[in-house]
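Novice: Supplied structure: entry.pdb, PDB, C-alpha atoms.
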ATOM      1  CA  MET A   1      25.714 -39.605   7.694
ATOM      2  CA  LYS A   2      23.544 -36.545   7.263
ATOM      3  CA  TRP A   3      22.842 -34.140  10.050
ATOM      4  CA  ALA A   4      19.186 -34.098  11.058
ATOM      5  CA  THR A   5      17.370 -30.836  10.466
ATOM      6  CA  THR A   6      13.950 -29.514  11.299
ATOM      7  CA  ASP A   7      11.392 -28.667   8.646
ATOM      8  CA  ALA A   8      11.775 -25.342   6.858
ATOM      9  CA  MET A   9       9.535 -22.570   8.161
ATOM     10  CA  SER A  10       8.134 -19.610   6.303
ATOM     11  CA  TRP A  11       9.152 -16.115   7.390
ATOM     12  CA  ARG A  12       5.555 -15.595   8.529
ATOM     13  CA  ARG A  13       5.792 -18.656  10.769
ATOM     14  CA  ILE A  14       9.200 -17.617  12.111
ATOM     15  CA  GLY A  15       7.863 -14.141  12.886
ATOM     16  CA  LEU A  16       4.765 -15.528  14.585
ATOM     17  CA  ALA A  17       6.779 -18.018  16.681
ATOM     18  CA  GLY A  18       9.279 -15.335  17.687
ATOM     19  CA  SER A  19       6.571 -12.840  18.593
ATOM     20  CA  VAL A  20       4.614 -15.342  20.670
ATOM     21  CA  PHE A  21       7.779 -16.491  22.412
ATOM     22  CA  LEU A  22       8.901 -12.933  23.223
ATOM     23  CA  ALA A  23       5.490 -11.795  24.501
ATOM     24  CA  THR A  24       5.021 -14.911  26.625
ATOM     25  CA  LEU A  25       8.526 -14.681  28.092
ATOM     26  CA  ALA A  26       7.886 -11.088  29.094
ATOM     27  CA  LEU A  27       4.536 -11.941  30.692
ATOM     28  CA  PHE A  28       5.761 -15.035  32.552
ATOM     29  CA  GLY A  29       8.978 -13.305  33.577
ATOM     30  CA  GLY A  30       7.050 -10.450  35.140
ATOM     31  CA  LEU A  31       4.676 -12.772  36.962
ATOM     32  CA  ALA A  32       7.475 -15.048  38.174
ATOM     33  CA  TYR A  33       9.383 -12.053  39.478
ATOM     34  CA  HIS A  34       6.254 -10.629  41.134
ATOM     35  CA  PHE A  35       5.482 -13.902  42.936
ATOM     36  CA  ALA A  36       9.197 -14.475  43.746
ATOM     37  CA  ILE A  37       9.201 -17.871  42.051
ATOM     38  CA  VAL A  38      11.541 -17.109  39.173
ATOM     39  CA  ALA A  39      12.637 -20.748  38.825
ATOM     40  CA  MET A  40       9.044 -21.723  37.955
ATOM     41  CA  TRP A  41       9.405 -19.689  34.792
ATOM     42  CA  MET A  42      11.960 -22.059  33.245
ATOM     43  CA  PRO A  43       9.760 -25.104  32.479
ATOM     44  CA  LEU A  44       7.040 -22.846  31.078
ATOM     45  CA  VAL A  45       9.579 -21.173  28.777
ATOM     46  CA  ASN A  46      10.437 -24.594  27.383
ATOM     47  CA  SER A  47       6.737 -25.328  26.873
ATOM     48  CA  VAL A  48       6.276 -22.062  24.988
ATOM     49  CA  ALA A  49       9.292 -22.856  22.790
ATOM     50  CA  LEU A  50       7.754 -26.229  21.947
ATOM     51  CA  ILE A  51       4.312 -24.879  21.072
ATOM     52  CA  ALA A  52       5.689 -21.839  19.221
ATOM     53  CA  THR A  53       7.850 -23.985  16.956
ATOM     54  CA  THR A  54       5.751 -27.161  16.654
ATOM     55  CA  PRO A  55       2.154 -26.376  17.654
ATOM     56  CA  SER A  56       0.819 -29.530  15.963
ATOM     57  CA  ALA A  57       3.142 -31.909  17.821
ATOM     58  CA  PRO A  58       1.343 -34.416  20.074
ATOM     59  CA  SER A  59       3.231 -33.095  23.116
ATOM     60  CA  ALA A  60       1.966 -29.567  22.349
ATOM     61  CA  ARG A  61      -1.673 -30.588  22.818
ATOM     62  CA  PRO A  62      -3.730 -29.443  25.842
ATOM     63  CA  TRP A  63      -3.794 -32.747  27.763
ATOM     64  CA  PRO A  64      -0.012 -33.347  27.743
ATOM     65  CA  ILE A  65       0.705 -29.722  28.666
ATOM     66  CA  MET A  66      -1.724 -29.579  31.574
ATOM     67  CA  ALA A  67      -1.393 -33.139  32.900
ATOM     68  CA  GLY A  68       2.370 -33.260  32.343
ATOM     69  CA  HIS A  69       3.009 -30.080  34.305
ATOM     70  CA  ALA A  70       0.478 -31.059  36.981
ATOM     71  CA  ALA A  71       2.108 -34.442  37.591
ATOM     72  CA  THR A  72       5.654 -33.146  37.773
ATOM     73  CA  ALA A  73       4.758 -29.985  39.702
ATOM     74  CA  PHE A  74       2.911 -31.936  42.351
ATOM     75  CA  VAL A  75       5.603 -34.597  42.727
ATOM     76  CA  GLY A  76       8.461 -32.080  42.675
ATOM     77  CA  SER A  77       6.943 -29.552  45.053
ATOM     78  CA  LEU A  78       5.800 -32.239  47.472
ATOM     79  CA  ALA A  79       9.216 -33.930  47.448
ATOM     80  CA  GLY A  80      11.094 -30.646  47.912
ATOM     81  CA  TRP A  81       8.770 -29.490  50.656
ATOM     82  CA  MET A  82       8.854 -32.818  52.533
ATOM     83  CA  PHE A  83      12.486 -33.870  52.037
ATOM     84  CA  GLY A  84      14.262 -30.608  51.282
ATOM     85  CA  ALA A  85      16.168 -29.409  48.265
ATOM     86  CA  SER A  86      18.800 -31.908  47.204
ATOM     87  CA  VAL A  87      20.023 -33.300  43.930
ATOM     88  CA  LEU A  88      19.069 -36.849  44.921
ATOM     89  CA  VAL A  89      15.509 -35.851  45.836
ATOM     90  CA  ALA A  90      15.255 -33.847  42.581
ATOM     91  CA  ILE A  91      16.399 -36.814  40.481
ATOM     92  CA  ILE A  92      13.885 -39.142  42.129
ATOM     93  CA  ALA A  93      11.049 -36.590  41.889
ATOM     94  CA  ALA A  94      11.746 -35.831  38.216
ATOM     95  CA  THR A  95      11.823 -39.544  37.417
ATOM     96  CA  LEU A  96       8.549 -40.188  39.249
ATOM     97  CA  GLY A  97       6.998 -37.217  37.449
ATOM     98  CA  LEU A  98       8.112 -38.585  34.077
ATOM     99  CA  LEU A  99       6.664 -42.003  34.927
ATOM    100  CA  LEU A 100       3.363 -40.363  35.890
ATOM    101  CA  MET A 101       3.299 -38.460  32.586
ATOM    102  CA  MET A 102       3.910 -41.685  30.687
ATOM    103  CA  ALA A 103       1.229 -43.586  32.646
ATOM    104  CA  ALA A 104      -1.272 -40.784  32.025
ATOM    105  CA  ARG A 105      -0.392 -40.668  28.310
ATOM    106  CA  ALA A 106       0.510 -37.016  28.850
ATOM    107  CA  VAL A 107       4.149 -36.805  27.794
ATOM    108  CA  HIS A 108       5.207 -33.175  27.579
ATOM    109  CA  PRO A 109       9.043 -33.105  27.652
ATOM    110  CA  PRO A 110       9.326 -29.533  29.025
ATOM    111  CA  ALA A 111       7.333 -30.635  32.081
ATOM    112  CA  ALA A 112      10.191 -32.932  33.088
ATOM    113  CA  ALA A 113      12.062 -29.802  34.172
ATOM    114  CA  THR A 114       9.167 -28.852  36.440
ATOM    115  CA  GLY A 115       9.924 -31.746  38.786
ATOM    116  CA  LEU A 116      13.558 -30.681  39.087
ATOM    117  CA  VAL A 117      12.814 -26.996  39.563
ATOM    118  CA  PHE A 118      10.095 -27.534  42.145
ATOM    119  CA  THR A 119      12.267 -29.923  44.121
ATOM    120  CA  LEU A 120      15.348 -27.695  44.113
ATOM    121  CA  HIS A 121      13.320 -24.553  44.922
ATOM    122  CA  PRO A 122      10.839 -25.886  47.490
ATOM    123  CA  VAL A 123       7.616 -23.961  47.742
ATOM    124  CA  PRO A 124       4.576 -25.475  49.502
ATOM    125  CA  PRO A 125       2.476 -27.409  46.960
ATOM    126  CA  HIS A 126      -0.642 -25.349  47.713
ATOM    127  CA  VAL A 127       1.238 -22.262  46.415
ATOM    128  CA  ALA A 128       3.468 -23.662  43.669
ATOM    129  CA  VAL A 129       1.115 -26.044  41.894
ATOM    130  CA  PRO A 130      -1.775 -23.577  41.328
ATOM    131  CA  LEU A 131       0.607 -20.892  40.040
ATOM    132  CA  LEU A 132       2.292 -23.279  37.648
ATOM    133  CA  MET A 133      -1.057 -24.633  36.469
ATOM    134  CA  LEU A 134      -2.199 -21.098  35.735
ATOM    135  CA  GLY A 135       0.899 -20.704  33.580
ATOM    136  CA  ALA A 136       0.359 -24.098  31.944
ATOM    137  CA  GLY A 137      -3.232 -23.075  31.181
ATOM    138  CA  ALA A 138      -1.958 -19.934  29.469
ATOM    139  CA  VAL A 139       0.526 -22.019  27.469
ATOM    140  CA  THR A 140      -2.310 -24.371  26.491
ATOM    141  CA  LEU A 141      -4.458 -21.485  25.240
ATOM    142  CA  ILE A 142      -1.534 -20.057  23.284
ATOM    143  CA  GLY A 143      -0.928 -23.486  21.749
ATOM    144  CA  MET A 144      -4.565 -23.798  20.754
ATOM    145  CA  ALA A 145      -4.443 -20.394  19.080
ATOM    146  CA  LEU A 146      -1.196 -21.213  17.273
ATOM    147  CA  ARG A 147      -2.612 -24.493  15.962
ATOM    148  CA  ARG A 148      -5.549 -22.551  14.588
ATOM    149  CA  TRP A 149      -3.223 -20.217  12.690
ATOM    150  CA  ASP A 150      -0.631 -22.882  11.817
ATOM    151  CA  ARG A 151      -0.936 -23.259   8.100
ATOM    152  CA  PRO A 152       1.644 -24.969   5.921
ATOM    153  CA  SER A 153       3.229 -22.489   3.561
ATOM    154  CA  ALA A 154       2.600 -23.054  -0.094
TER     155      ALA A 154
END
Would you kindly transcribe this structure into structure tokens?
Specialist:
Amino acid sequence: MKWATTDAMSWRRIGLAGSVFLATLALFGGLAYHFAIVAMWMPLVNSVALIATTPSAPSARPWPIMAGHAATAFVGSLAGWMFGASVLVAIIAATLGLLLMMAARAVHPPAAATGLVFTLHPVPPHVAVPLLMLGAGAVTLIGMALRRWDRPSA
């Protein structure tokens, strides 16, 4: 049985993905540190990795990024704020968030981590959700730009 591999990427594409990933990590890391919500950075990092490496993937499109993070952020932050930080609450919140993503046809796998993070690091929804959505909006714009420049190498 062969090991599965990803498609080969040109050096240009590797350089672009690495540069976008590095710049976005630095920006989000600084903002997360400034707002004292460092855990919120983690799901967005996964989103950036997805769009930097596979910008044309269906889950790297604007609707799944925005709606996926919105669903899981809302469910996770509300659950953590109402019921406290616990593994059981996090598991239930992440599962409900995933089900919402699926129902909304907005599956964005990195957003599944948002439900866990927001439950285990409770921040009132009126603070956490807008900040995460700002980050998700930035990820969406970066993804749109990368799709524009994503050209198969000849």
Novice: Identify which of the residues A:Pro55, A:Leu16, A:Leu100, A:Leu44 lies closest to A:Gly29, counting all atoms listed in the file when measuring atom-to-atom distances.
Specialist: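 Checking each candidate against A:Gly29, we get A:Leu44 as the closest.
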Novice: Using Å and a single decimal, report how far atom CA of A:Ala26 sits from atom CA of A:Ala71.
Specialist: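 Separating atom CA of A:Ala71 from atom CA of A:Ala26 is a distance of 25.5 Å.
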Novice: Given only C-alpha atoms as the basis, pick out the residue of A:Leu22, A:Val89, A:Val107, A:Met82 nearest to A:Leu120.
Specialist: A:Val89
Novice: Please write as a PDB file with C-alpha atoms, in the coordinates of the input the full residue list that the PyMOL selection byres ((chain A and resi 135) around 12) yields on this file.
Specialist:
ATOM      1  CA  THR A  24       5.021 -14.911  26.625  1.00  0.00           C
ATOM      2  CA  LEU A  25       8.526 -14.681  28.092  1.00  0.00           C
ATOM      3  CA  LEU A  27       4.536 -11.941  30.692  1.00  0.00           C
ATOM      4  CA  PHE A  28       5.761 -15.035  32.552  1.00  0.00           C
ATOM      5  CA  GLY A  29       8.978 -13.305  33.577  1.00  0.00           C
ATOM      6  CA  LEU A  31       4.676 -12.772  36.962  1.00  0.00           C
ATOM      7  CA  ALA A  32       7.475 -15.048  38.174  1.00  0.00           C
ATOM      8  CA  MET A  40       9.044 -21.723  37.955  1.00  0.00           C
ATOM      9  CA  TRP A  41       9.405 -19.689  34.792  1.00  0.00           C
ATOM     10  CA  MET A  42      11.960 -22.059  33.245  1.00  0.00           C
ATOM     11  CA  PRO A  43       9.760 -25.104  32.479  1.00  0.00           C
ATOM     12  CA  LEU A  44       7.040 -22.846  31.078  1.00  0.00           C
ATOM     13  CA  VAL A  45       9.579 -21.173  28.777  1.00  0.00           C
ATOM     14  CA  SER A  47       6.737 -25.328  26.873  1.00  0.00           C
ATOM     15  CA  VAL A  48       6.276 -22.062  24.988  1.00  0.00           C
ATOM     16  CA  ILE A  65       0.705 -29.722  28.666  1.00  0.00           C
ATOM     17  CA  MET A  66      -1.724 -29.579  31.574  1.00  0.00           C
ATOM     18  CA  HIS A  69       3.009 -30.080  34.305  1.00  0.00           C
ATOM     19  CA  ALA A  70       0.478 -31.059  36.981  1.00  0.00           C
ATOM     20  CA  ALA A  73       4.758 -29.985  39.702  1.00  0.00           C
ATOM     21  CA  ALA A 111       7.333 -30.635  32.081  1.00  0.00           C
ATOM     22  CA  THR A 114       9.167 -28.852  36.440  1.00  0.00           C
ATOM     23  CA  ALA A 128       3.468 -23.662  43.669  1.00  0.00           C
ATOM     24  CA  VAL A 129       1.115 -26.044  41.894  1.00  0.00           C
ATOM     25  CA  PRO A 130      -1.775 -23.577  41.328  1.00  0.00           C
ATOM     26  CA  LEU A 131       0.607 -20.892  40.040  1.00  0.00           C
ATOM     27  CA  LEU A 132       2.292 -23.279  37.648  1.00  0.00           C
ATOM     28  CA  MET A 133      -1.057 -24.633  36.469  1.00  0.00           C
ATOM     29  CA  LEU A 134      -2.199 -21.098  35.735  1.00  0.00           C
ATOM     30  CA  ALA A 136       0.359 -24.098  31.944  1.00  0.00           C
ATOM     31  CA  GLY A 137      -3.232 -23.075  31.181  1.00  0.00           C
ATOM     32  CA  ALA A 138      -1.958 -19.934  29.469  1.00  0.00           C
ATOM     33  CA  VAL A 139       0.526 -22.019  27.469  1.00  0.00           C
ATOM     34  CA  THR A 140      -2.310 -24.371  26.491  1.00  0.00           C
ATOM     35  CA  LEU A 141      -4.458 -21.485  25.240  1.00  0.00           C
ATOM     36  CA  ILE A 142      -1.534 -20.057  23.284  1.00  0.00           C
TER      37      ILE A 142
END
Novice: Could you tell me, as a list in words, exactly which residues end up selected when the PyMOL selection byres ((chain A and resi 91) around 12) is applied to this structure?
Specialist: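 Taken over the shown coordinates, the PyMOL selection byres ((chain A and resi 91) around 12) returns Thr72, Val75, Gly76, Ala79, Gly80, Ala85, Ser86, Val87, Leu88, Val89, Ala90, Ile92, Ala93, Ala94, Thr95, Leu96, Gly97, Leu98, Ala112, Ala113, Thr114, Gly115, Leu116, Val117, Phe118, Thr119 and Leu120 of chain A.
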Novice: Expressed in Å to a single decimal, how great is the separation between atom CA of A:Arg61 and atom CA of A:Pro124?
Specialist: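 Here the two named atoms are 27.9 Å from each other.
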Novice: Let me know the centre plus edge lengths, in Å and rounded to one decimal, of a box with edges along x, y and z that contains all listed atoms of stretch 114-123 of chain A and is padded by 4 Å on every side, as AutoDock Vina command-line options.
Specialist:
--center_x 11.5 --center_y -27.9 --center_z 42.1 --size_x 15.7 --size_y 15.8 --size_z 19.3
Novice: In Å, with one decimal, what is the gap from atom CA of A:Ala49 to atom CA of A:Arg105?
Specialist: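 Calculated distance between atom CA of A:Ala49 and atom CA of A:Arg105 is 21.0 Å.
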Novice: Just say which residues the PyMOL selection byres ((chain A and resi 58) around 12) picks in this file, as a ChimeraX atom specification.
Specialist: /A:50-51,54-57,59-65,105-109,143,147
